[in-house]
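As stored in entry_10.pdb (PDB, C-alpha atoms):
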```pdb
MODEL        1
ATOM      1  CA  MET P 314      33.982 -35.978  31.575
ATOM      2  CA  THR P 315      37.595 -35.482  32.459
ATOM      3  CA  VAL P 316      39.260 -34.287  35.651
ATOM      4  CA  HIS P 317      41.431 -31.218  35.763
ATOM      5  CA  GLN P 318      45.101 -32.046  36.317
ATOM      6  CA  TYR P 319      44.979 -30.268  39.683
ATOM      7  CA  TRP P 320      42.410 -32.725  41.064
ATOM      8  CA  LYS P 321      44.317 -35.679  39.620
ATOM      9  CA  LYS P 322      47.366 -34.467  41.474
ATOM     10  CA  LEU P 323      45.445 -34.231  44.773
ATOM     11  CA  ILE P 324      43.883 -37.663  44.260
ATOM     12  CA  ASP P 325      47.353 -39.116  43.703
ATOM     13  CA  LYS P 326      48.558 -37.466  46.922
ATOM     14  CA  LEU P 327      45.476 -38.748  48.718
ATOM     15  CA  PHE P 328      46.186 -42.396  47.940
ATOM     16  CA  ASN P 329      49.885 -41.969  48.706
ATOM     17  CA  LYS P 330      49.053 -40.242  52.034
ATOM     18  CA  THR P 331      51.109 -37.170  51.189
ATOM     19  CA  ILE P 332      48.169 -34.785  51.013
ATOM     20  CA  ASP P 333      48.081 -31.954  53.574
ATOM     21  CA  THR P 334      45.041 -30.680  55.490
ATOM     22  CA  ASP P 335      44.229 -27.728  53.190
ATOM     23  CA  GLU P 336      44.492 -29.869  50.069
ATOM     24  CA  LEU P 337      42.322 -32.560  51.633
ATOM     25  CA  GLN P 338      39.707 -29.936  52.533
ATOM     26  CA  GLN P 339      39.624 -28.761  48.913
ATOM     27  CA  LEU P 340      39.319 -32.347  47.693
ATOM     28  CA  ASN P 341      36.462 -33.012  50.116
ATOM     29  CA  GLN P 342      34.551 -29.990  48.835
ATOM     30  CA  TRP P 343      35.097 -31.073  45.253
ATOM     31  CA  TYR P 344      34.035 -34.627  46.136
ATOM     32  CA  ASP P 345      30.843 -33.380  47.834
ATOM     33  CA  GLU P 346      29.875 -31.503  44.693
ATOM     34  CA  LYS P 347      30.543 -34.532  42.487
ATOM     35  CA  GLU P 348      28.733 -36.931  44.835
ATOM     36  CA  LEU P 349      25.475 -35.086  44.228
ATOM     37  CA  ASN P 350      25.680 -36.107  40.576
ATOM     38  CA  ALA P 351      27.066 -39.606  41.155
ATOM     39  CA  PRO P 352      25.482 -42.265  38.881
ATOM     40  CA  SER P 353      23.082 -44.829  40.341
ATOM     41  CA  LEU P 354      24.641 -48.290  39.966
ATOM     42  CA  THR P 355      23.655 -51.841  40.853
ATOM     43  CA  GLU P 356      25.772 -53.653  43.444
ATOM     44  CA  ALA P 357      27.426 -55.797  40.742
ATOM     45  CA  ALA P 358      28.158 -52.784  38.533
ATOM     46  CA  LEU P 359      29.496 -50.887  41.538
ATOM     47  CA  ILE P 360      31.948 -53.702  42.400
ATOM     48  CA  GLU P 361      33.094 -53.995  38.763
ATOM     49  CA  ARG P 362      33.566 -50.249  38.532
ATOM     50  CA  LYS P 363      35.584 -50.207  41.764
ATOM     51  CA  GLN P 364      37.916 -52.926  40.514
ATOM     52  CA  LYS P 365      38.527 -51.317  37.116
ATOM     53  CA  ALA P 366      38.937 -47.848  38.560
ATOM     54  CA  TRP P 367      41.346 -49.162  41.225
ATOM     55  CA  LYS P 368      43.383 -50.851  38.506
ATOM     56  CA  ASN P 369      43.618 -47.558  36.605
ATOM     57  CA  ILE P 370      44.666 -45.764  39.777
ATOM     58  CA  GLN P 371      47.440 -48.304  40.397
ATOM     59  CA  THR P 372      48.662 -47.838  36.833
ATOM     60  CA  ASN P 373      48.611 -44.052  36.871
ATOM     61  CA  THR P 374      49.785 -43.337  40.413
ATOM     62  CA  SER P 375      52.526 -44.750  42.605
ATOM     63  CA  ILE P 376      50.080 -47.090  44.416
ATOM     64  CA  LYS P 377      50.944 -50.731  43.772
ATOM     65  CA  LYS P 378      48.621 -52.420  46.252
ATOM     66  CA  LYS P 379      45.661 -54.569  45.313
ATOM     67  CA  ILE P 380      42.196 -53.296  45.954
ATOM     68  CA  PRO P 381      41.166 -53.871  49.569
ATOM     69  CA  SER P 382      38.009 -55.558  50.775
ATOM     70  CA  GLN P 383      34.823 -54.320  49.155
ATOM     71  CA  LYS P 384      33.548 -53.207  52.534
ATOM     72  CA  ARG P 385      33.471 -49.438  53.008
ATOM     73  CA  ARG P 386      36.846 -48.118  54.152
ATOM     74  CA  TRP P 387      37.443 -44.618  55.501
ATOM     75  CA  ILE P 388      40.776 -42.858  55.088
ATOM     76  CA  THR P 389      41.279 -40.435  57.974
ATOM     77  CA  TRP P 390      43.805 -37.631  58.440
ATOM     78  CA  SER P 391      44.460 -35.166  61.212
ATOM     79  CA  GLY P 392      41.692 -32.726  61.962
ATOM     80  CA  GLY P 393      38.983 -35.376  61.630
ATOM     81  CA  ILE P 394      38.674 -34.929  57.848
ATOM     82  CA  LYS P 395      37.792 -38.157  56.110
ATOM     83  CA  ILE P 396      36.833 -39.544  52.705
ATOM     84  CA  ALA P 397      35.141 -42.841  51.889
ATOM     85  CA  ALA P 398      37.833 -44.175  49.565
ATOM     86  CA  SER P 399      35.939 -47.043  47.979
ATOM     87  CA  LEU P 400      32.837 -44.929  47.288
ATOM     88  CA  PHE P 401      35.051 -42.100  46.022
ATOM     89  CA  VAL P 402      36.722 -44.432  43.537
ATOM     90  CA  ALA P 403      33.582 -46.190  42.431
ATOM     91  CA  THR P 404      31.104 -43.387  42.019
ATOM     92  CA  ILE P 405      33.146 -40.252  41.446
ATOM     93  CA  ILE P 406      36.547 -41.058  39.959
ATOM     94  CA  GLY P 407      35.435 -43.712  37.492
ATOM     95  CA  LEU P 408      37.462 -44.995  34.592
ATOM     96  CA  GLN P 409      37.282 -41.786  32.585
ATOM     97  CA  TYR P 410      39.167 -39.804  35.263
ATOM     98  CA  TRP P 411      42.415 -41.604  34.459
ATOM     99  CA  MET P 412      41.964 -41.610  30.721
ATOM    100  CA  PRO P 413      44.087 -39.086  28.761
ATOM    101  CA  ASP P 414      42.760 -35.542  29.017
ATOM    102  CA  GLU P 415      40.502 -34.455  26.207
ATOM    103  CA  GLU P 416      42.271 -32.188  23.777
ATOM    104  CA  VAL P 417      41.398 -28.581  24.440
ATOM    105  CA  ILE P 418      40.486 -26.977  21.104
ATOM    106  CA  PRO P 419      41.140 -23.233  21.180
ATOM    107  CA  PRO P 420      38.577 -20.864  19.632
ATOM    108  CA  ALA P 421      38.963 -20.515  15.889
ATOM    109  CA  LYS P 422      40.903 -17.464  14.812
ATOM    110  CA  THR P 423      39.173 -14.938  12.581
ATOM    111  CA  ILE P 424      40.838 -14.238   9.252
ATOM    112  CA  THR P 425      40.099 -10.918   7.535
ATOM    113  CA  ILE P 426      40.921 -10.113   3.923
ATOM    114  CA  SER P 427      40.671  -6.489   2.790
ATOM    115  CA  ASN P 428      41.032  -5.099  -0.712
ATOM    116  CA  LYS P 429      42.276  -1.645  -1.505
ATOM    117  CA  LEU P 430      40.273   0.526  -3.890
ATOM    118  CA  GLY P 431      40.779  -0.782  -7.392
ATOM    119  CA  GLN P 432      41.848  -4.245  -6.180
ATOM    120  CA  VAL P 433      40.044  -7.567  -6.802
ATOM    121  CA  SER P 434      41.091 -10.831  -5.107
ATOM    122  CA  SER P 435      39.958 -14.456  -4.912
ATOM    123  CA  PHE P 436      40.549 -17.168  -2.325
ATOM    124  CA  THR P 437      39.278 -20.522  -1.035
ATOM    125  CA  LEU P 438      37.640 -21.025   2.360
ATOM    126  CA  PRO P 439      38.321 -23.952   4.770
ATOM    127  CA  ASP P 440      35.243 -25.816   3.424
ATOM    128  CA  SER P 441      36.497 -25.466  -0.199
ATOM    129  CA  SER P 442      33.974 -22.722  -1.024
ATOM    130  CA  LYS P 443      35.367 -20.000  -3.305
ATOM    131  CA  VAL P 444      35.121 -16.239  -2.876
ATOM    132  CA  TRP P 445      35.875 -13.369  -5.239
ATOM    133  CA  LEU P 446      36.216 -10.092  -3.329
ATOM    134  CA  SER P 447      35.625  -6.772  -5.081
ATOM    135  CA  THR P 448      37.320  -3.399  -4.802
ATOM    136  CA  GLY P 449      37.357  -1.650  -1.424
ATOM    137  CA  SER P 450      35.755  -4.687   0.249
ATOM    138  CA  SER P 451      36.490  -6.603   3.448
ATOM    139  CA  PHE P 452      35.680 -10.248   4.236
ATOM    140  CA  SER P 453      36.042 -12.130   7.565
ATOM    141  CA  TYR P 454      35.785 -15.863   8.231
ATOM    142  CA  PRO P 455      36.979 -18.364  10.905
ATOM    143  CA  GLU P 456      40.010 -20.557  10.249
ATOM    144  CA  ARG P 457      37.685 -23.545  10.704
ATOM    145  CA  PHE P 458      33.890 -23.811  10.472
ATOM    146  CA  ASP P 459      31.587 -25.204  13.180
ATOM    147  CA  SER P 460      27.997 -26.342  12.686
ATOM    148  CA  ILE P 461      27.170 -23.098  10.844
ATOM    149  CA  ARG P 462      29.564 -21.556   8.336
ATOM    150  CA  ASN P 463      29.326 -17.914   9.441
ATOM    151  CA  VAL P 464      31.163 -15.209   7.473
ATOM    152  CA  GLU P 465      30.974 -11.406   7.294
ATOM    153  CA  LEU P 466      31.140  -9.088   4.294
ATOM    154  CA  ILE P 467      31.555  -5.349   3.883
ATOM    155  CA  GLY P 468      31.431  -4.395   0.218
ATOM    156  CA  GLU P 469      30.891  -6.806  -2.664
ATOM    157  CA  ALA P 470      31.723 -10.470  -3.240
ATOM    158  CA  TYR P 471      30.759 -13.399  -5.415
ATOM    159  CA  PHE P 472      30.456 -16.835  -3.767
ATOM    160  CA  GLU P 473      30.577 -20.401  -5.037
ATOM    161  CA  VAL P 474      29.568 -22.332  -1.923
ATOM    162  CA  LYS P 475      30.492 -25.987  -1.408
ATOM    163  CA  ARG P 476      27.249 -27.843  -0.749
ATOM    164  CA  ASN P 477      26.810 -29.196   2.785
ATOM    165  CA  PRO P 478      23.181 -29.579   3.987
ATOM    166  CA  ALA P 479      24.409 -30.229   7.549
ATOM    167  CA  LYS P 480      26.261 -26.898   7.721
ATOM    168  CA  PRO P 481      24.401 -23.883   6.319
ATOM    169  CA  PHE P 482      26.549 -21.086   4.879
ATOM    170  CA  VAL P 483      25.535 -17.696   6.311
ATOM    171  CA  VAL P 484      26.788 -14.298   5.137
ATOM    172  CA  GLN P 485      26.267 -11.331   7.477
ATOM    173  CA  SER P 486      26.298  -8.047   5.538
ATOM    174  CA  ALA P 487      24.747  -4.581   5.941
ATOM    175  CA  GLY P 488      22.125  -5.741   8.462
ATOM    176  CA  LEU P 489      21.103  -8.719   6.326
ATOM    177  CA  ARG P 490      21.622 -12.462   6.745
ATOM    178  CA  THR P 491      21.982 -14.506   3.547
ATOM    179  CA  THR P 492      21.661 -18.274   4.083
ATOM    180  CA  VAL P 493      22.493 -21.027   1.580
ATOM    181  CA  LEU P 494      23.377 -24.721   1.600
ATOM    182  CA  GLY P 495      25.367 -24.783  -1.633
ATOM    183  CA  THR P 496      24.956 -22.340  -4.499
ATOM    184  CA  SER P 497      26.525 -19.381  -6.308
ATOM    185  CA  PHE P 498      25.477 -15.797  -5.686
ATOM    186  CA  ASN P 499      26.680 -12.201  -5.558
ATOM    187  CA  ILE P 500      26.235  -9.737  -2.679
ATOM    188  CA  SER P 501      26.806  -6.013  -2.973
ATOM    189  CA  ALA P 502      26.733  -4.355   0.454
ATOM    190  CA  TYR P 503      28.928  -1.267   0.496
ATOM    191  CA  PRO P 504      28.395   1.252   3.313
ATOM    192  CA  GLU P 505      26.035   4.092   2.391
ATOM    193  CA  GLU P 506      24.552   1.993  -0.452
ATOM    194  CA  SER P 507      21.422  -0.158  -0.657
ATOM    195  CA  PRO P 508      22.548  -3.812  -0.510
ATOM    196  CA  SER P 509      21.553  -6.316  -3.178
ATOM    197  CA  VAL P 510      21.694 -10.110  -3.517
ATOM    198  CA  SER P 511      21.796 -11.834  -6.913
ATOM    199  CA  VAL P 512      21.485 -15.630  -7.282
ATOM    200  CA  LEU P 513      23.189 -17.397 -10.178
ATOM    201  CA  THR P 514      22.503 -21.020  -9.179
ATOM    202  CA  GLY P 515      20.518 -22.785  -6.449
ATOM    203  CA  LYS P 516      18.357 -21.158  -3.782
ATOM    204  CA  VAL P 517      19.057 -18.394  -1.274
ATOM    205  CA  GLN P 518      17.160 -16.916   1.667
ATOM    206  CA  VAL P 519      17.823 -13.299   2.611
ATOM    207  CA  ALA P 520      16.533 -12.013   5.960
ATOM    208  CA  GLU P 521      16.767  -8.840   8.003
ATOM    209  CA  ASN P 522      18.834  -9.148  11.179
ATOM    210  CA  LEU P 523      15.875  -7.979  13.237
ATOM    211  CA  PRO P 524      13.307  -9.665  15.501
ATOM    212  CA  ASN P 525      10.473 -10.679  13.155
ATOM    213  CA  GLY P 526      12.429  -9.174  10.256
ATOM    214  CA  GLN P 527      11.373  -9.595   6.649
ATOM    215  CA  LYS P 528      12.583 -12.538   4.587
ATOM    216  CA  ILE P 529      12.710 -13.275   0.881
ATOM    217  CA  ASN P 530      13.587 -16.464  -1.004
ATOM    218  CA  LEU P 531      15.443 -16.229  -4.300
ATOM    219  CA  ILE P 532      16.096 -18.809  -7.004
ATOM    220  CA  LYS P 533      18.353 -18.899 -10.063
ATOM    221  CA  ASN P 534      18.586 -15.594 -11.987
ATOM    222  CA  GLN P 535      16.649 -13.634  -9.355
ATOM    223  CA  GLN P 536      17.823 -10.504  -7.547
ATOM    224  CA  THR P 537      16.552  -8.331  -4.713
ATOM    225  CA  HIS P 538      17.523  -4.933  -3.318
ATOM    226  CA  TRP P 539      16.915  -3.835   0.266
ATOM    227  CA  GLU P 540      16.122  -0.367   1.596
ATOM    228  CA  LYS P 541      15.801   0.572   5.235
ATOM    229  CA  GLU P 542      12.453   2.298   4.752
ATOM    230  CA  ASN P 543      10.802  -0.161   2.362
ATOM    231  CA  GLY P 544      12.517  -3.505   2.966
ATOM    232  CA  PHE P 545      13.065  -5.950   0.085
ATOM    233  CA  THR P 546      12.078  -5.337  -3.501
ATOM    234  CA  PRO P 547      10.224  -8.197  -5.223
ATOM    235  CA  ALA P 548      12.454 -10.822  -6.819
ATOM    236  CA  LEU P 549      13.461  -9.543 -10.252
ATOM    237  CA  PRO P 550      15.438 -11.055 -13.155
ATOM    238  CA  PHE P 551      18.954  -9.807 -13.901
ATOM    239  CA  SER P 552      21.840 -10.463 -16.271
ATOM    240  CA  PRO P 553      24.337 -12.861 -14.627
ATOM    241  CA  GLU P 554      26.987 -11.988 -17.211
ATOM    242  CA  ALA P 555      26.746  -8.273 -16.435
ATOM    243  CA  ILE P 556      26.687  -8.709 -12.654
ATOM    244  CA  LEU P 557      30.009 -10.586 -12.639
ATOM    245  CA  LYS P 558      32.048  -8.450 -15.020
ATOM    246  CA  TRP P 559      33.623  -6.681 -12.034
ATOM    247  CA  GLN P 560      35.633  -9.891 -11.466
ATOM    248  CA  LYS P 561      37.545  -9.052 -14.652
ATOM    249  CA  GLY P 562      37.879  -5.371 -13.827
ATOM    250  CA  ILE P 563      35.018  -4.388 -16.143
ATOM    251  CA  LEU P 564      32.616  -1.653 -15.040
ATOM    252  CA  VAL P 565      29.109  -2.043 -16.456
ATOM    253  CA  PHE P 566      26.421   0.659 -16.375
ATOM    254  CA  GLU P 567      22.862   0.253 -17.567
ATOM    255  CA  ASN P 568      20.759   3.412 -17.474
ATOM    256  CA  ALA P 569      22.778   4.494 -14.435
ATOM    257  CA  SER P 570      22.506   7.978 -12.980
ATOM    258  CA  LEU P 571      25.582  10.195 -13.109
ATOM    259  CA  GLU P 572      25.762   9.912  -9.301
ATOM    260  CA  GLU P 573      25.939   6.099  -9.588
ATOM    261  CA  VAL P 574      28.657   6.316 -12.236
ATOM    262  CA  ILE P 575      30.713   8.664 -10.061
ATOM    263  CA  GLU P 576      30.283   6.353  -7.060
ATOM    264  CA  GLU P 577      31.734   3.433  -9.024
ATOM    265  CA  PHE P 578      34.560   5.547 -10.431
ATOM    266  CA  SER P 579      35.509   6.605  -6.886
ATOM    267  CA  LYS P 580      35.736   2.972  -5.744
ATOM    268  CA  TRP P 581      37.648   1.652  -8.729
ATOM    269  CA  PHE P 582      40.035   4.546  -9.282
ATOM    270  CA  ASN P 583      40.554   5.479  -5.621
ATOM    271  CA  THR P 584      39.830   9.139  -6.309
ATOM    272  CA  ASP P 585      37.548  11.671  -4.668
ATOM    273  CA  ILE P 586      35.033  12.825  -7.289
ATOM    274  CA  LYS P 587      32.666  15.730  -6.670
ATOM    275  CA  LEU P 588      29.628  16.569  -8.771
ATOM    276  CA  GLN P 589      28.293  20.042  -9.411
ATOM    277  CA  GLY P 590      24.864  20.302 -11.037
ATOM    278  CA  ALA P 591      22.610  17.648 -12.614
ATOM    279  CA  LYS P 592      21.692  16.065  -9.275
ATOM    280  CA  ASP P 593      18.569  14.458 -10.665
ATOM    281  CA  SER P 594      17.628  11.313 -12.548
ATOM    282  CA  ASP P 595      17.710  12.885 -16.034
ATOM    283  CA  CYS P 596      21.459  12.506 -16.522
ATOM    284  CA  ARG P 597      21.971   8.783 -17.227
ATOM    285  CA  PHE P 598      24.596   6.584 -18.848
ATOM    286  CA  THR P 599      24.746   3.095 -20.399
ATOM    287  CA  GLY P 600      28.077   1.526 -21.275
ATOM    288  CA  GLU P 601      31.094  -0.327 -19.909
ATOM    289  CA  PHE P 602      34.767   0.287 -19.170
ATOM    290  CA  LYS P 603      37.426  -2.414 -19.367
ATOM    291  CA  ASN P 604      40.858  -1.947 -17.801
ATOM    292  CA  THR P 605      40.882   1.749 -18.604
ATOM    293  CA  SER P 606      42.355   4.756 -16.821
ATOM    294  CA  LEU P 607      40.309   7.328 -14.932
ATOM    295  CA  LYS P 608      41.200   9.983 -17.516
ATOM    296  CA  ASN P 609      39.941   7.835 -20.406
ATOM    297  CA  ALA P 610      36.748   6.995 -18.532
ATOM    298  CA  LEU P 611      36.087  10.678 -17.844
ATOM    299  CA  GLU P 612      36.682  11.520 -21.503
ATOM    300  CA  ILE P 613      34.013   9.007 -22.538
ATOM    301  CA  ILE P 614      31.526  10.348 -19.990
ATOM    302  CA  GLN P 615      32.301  13.912 -21.084
ATOM    303  CA  TYR P 616      31.587  13.071 -24.729
ATOM    304  CA  ALA P 617      28.451  11.012 -24.031
ATOM    305  CA  LEU P 618      26.765  13.328 -21.509
ATOM    306  CA  LYS P 619      28.237  16.715 -22.453
ATOM    307  CA  ILE P 620      29.761  17.320 -19.044
ATOM    308  CA  ASN P 621      32.967  19.071 -18.046
ATOM    309  CA  TYR P 622      35.555  17.912 -15.538
ATOM    310  CA  THR P 623      38.705  19.081 -13.818
ATOM    311  CA  LEU P 624      41.253  16.387 -12.925
ATOM    312  CA  ASN P 625      43.650  17.206 -10.107
ATOM    313  CA  GLU P 626      46.126  14.920  -8.342
ATOM    314  CA  ASN P 627      43.649  13.352  -5.869
ATOM    315  CA  GLU P 628      40.354  14.964  -6.816
ATOM    316  CA  VAL P 629      38.005  15.295  -9.759
ATOM    317  CA  ILE P 630      35.338  17.976 -10.068
ATOM    318  CA  ILE P 631      32.564  17.303 -12.574
ATOM    319  CA  THR P 632      30.231  20.075 -13.703
ATOM    320  CA  ALA P 633      27.089  18.876 -15.440
ATOM    321  CA  HIS P 634      24.729  21.844 -15.627
ATOM    322  CA  ASN P 635      23.859  20.994 -19.231
ATOM    323  CA  CYS P 636      24.051  17.214 -18.957
ATOM    324  CA  LEU P 637      22.261  15.382 -21.764
ATOM    325  CA  ARG P 638      20.249  12.202 -21.288
ATOM    326  CA  GLN P 639      22.008   9.448 -23.237
TER     327      GLN P 639
ENDMDL
END
```
Produce structure tokens that represent the structure in this file.
Amino acid sequence: MTVHQYWKKLIDKLFNKTIDTDELQQLNQWYDEKELNAPSLTEAALIERKQKAWKNIQTNTSIKKKIPSQKRRWITWSGGIKIAASLFVATIIGLQYWMPDEEVIPPAKTITISNKLGQVSSFTLPDSSKVWLSTGSSFSYPERFDSIRNVELIGEAYFEVKRNPAKPFVVQSAGLRTTVLGTSFNISAYPEESPSVSVLTGKVQVAENLPNGQKINLIKNQQTHWEKENGFTPALPFSPEAILKWQKGILVFENASLEEVIEEFSKWFNTDIKLQGAKDSDCRFTGEFKNTSLKNALEIIQYALKINYTLNENEVIITAHNCLRQ
């Protein structure tokens, strides 16, 4: 325990007899509070502590006198206010009071990285874990980690977490808490979409951020989706290669509804796309797009599903009344 500089200043004034009545009153009150928690010492330990503490006081204040007799001595000022100096030194001040102040570590700053639509980025965290952040996503983390490595995600990201059993790595996203010790996994948690967690190596626990919320444990090549009404789906296999193609700007669709395709196009091409007709599960598409333009992607969808589209400056209207199942 260290003493605030203010009290050190008053203690110095006390032993140099330059303290005024108000300051002495404050010091008495502070001393009374500390005396309640004073350690219980043997007579020999008390004498040794007095001598060492007195030596520290002489070194760190302007007092250059030797310690007086070990008998109790009272220092008295006007107004009848008094302090038992030897007891004060021995039981309250102690050696640690004149040690250098402990360094005050300010709270860690939060760093937030946000990607624009169509942008993918990668970076390294303070613990050497690596993160790949997908389009239209936001990721927040502290400039230094404490006992738990807490981070927050809005959108999608792939993680390669540096193993540290003493400091779990926890991702907060879309009402879920994903906890790992050291592994690689992908989280997709865009607003208005059902979040999913896919594990590529190691083990992961995903839990609802609710009292008595559901939990699910995943191992390598397992994936789960979460829905507000139904909770977690059972752990299912997935294709790791397909799930990570977004890192290279590749869009992959496997039996995806036209609504799902349009959702992805909107995120990657930063364009408002509206659908007219075919709002059911019959209109589906399988395929991938690599570093292509929105116009080329729409041409492919038009040919494959027999849809029509109108491309304006910041908006696309798709009409799919006669959409064909691929």
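Interatomic distance, atom CA of P:Asn604 to atom CA of P:Tyr622: 20.7 Å.
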Subject >> Residue neighbourhood P:Asp440, 9 Å, only C-alpha atoms, exclusion window fewer than 2 positions, as an MDAnalysis selection string >> reply: chainID P and resid 437:438 442:443 457:458 462 474:475
Subject >> Distance in Å - atom CA of P:Asp325 versus atom CA of P:Ile418 >> reply: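 Those two atoms sit 26.6 Å apart.
Compared by their closest atoms to P:Pro439, and using all atoms listed in the file, the residues P:Phe452, P:Asp333, P:Tyr616, P:Asp459 rank with P:Asp459 nearest.
When atom CA of P:Ile630 is paired with atom CA of P:Ala610, their separation reads 13.9 Å.
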Original post:
Restricting the calculation to only C-alpha atoms, which member of P:Gly590, P:Pro481, P:Pro547, P:Gly600 is positioned closest to P:Leu564?
Top reply: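 Of P:Gly590, P:Pro481, P:Pro547, P:Gly600, the one nearest P:Leu564, counting only C-alpha atoms, is P:Gly600.
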**OP:** Select, from P:Ser434, P:Asn341, P:Asn625, P:Ser606, the residue with the minimum atom-to-atom distance to P:Ile324, counting all atoms listed in the file.
**Re:** P:Asn341
**OP:** List every protein, DNA or RNA residue with an atom no more than 7 Å from (29.6, -19.5, 3.5) in the file's coordinates, counting all atoms listed in the file, and format the result as a list in words.
**Re:**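 Those residues lying close to the given coordinates are Arg462, Asn463, Val464, Val474, Phe482, Val483 and Val484 of chain P.
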Original post:
In terms of the shortest atom-to-atom distance over all atoms listed in the file, which of P:Arg490, P:Lys603, P:Lys326, P:Lys422 is closest to P:Gln560?
Top reply: P:Lys603
Original post:
Care to translate the PyMOL selection byres ((chain P and resi 550-556) around 12) into actual residues of this file, as an NGL selection string?
Top reply: :P and (447 or 469-471 or 497-501 or 509-514 or 531-538 or 546-549 or 557-567 or 600-601)
Original post:
Applied to the shown file, which residues does the PyMOL selection byres ((chain P and resi 569) around 9) return, written as a list of chain:residue names?
Top reply: P:Phe566, P:Glu567, P:Asn568, P:Ser570, P:Leu571, P:Glu572, P:Glu573, P:Val574, P:Ser594, P:Cys596, P:Arg597, P:Phe598, P:Thr599
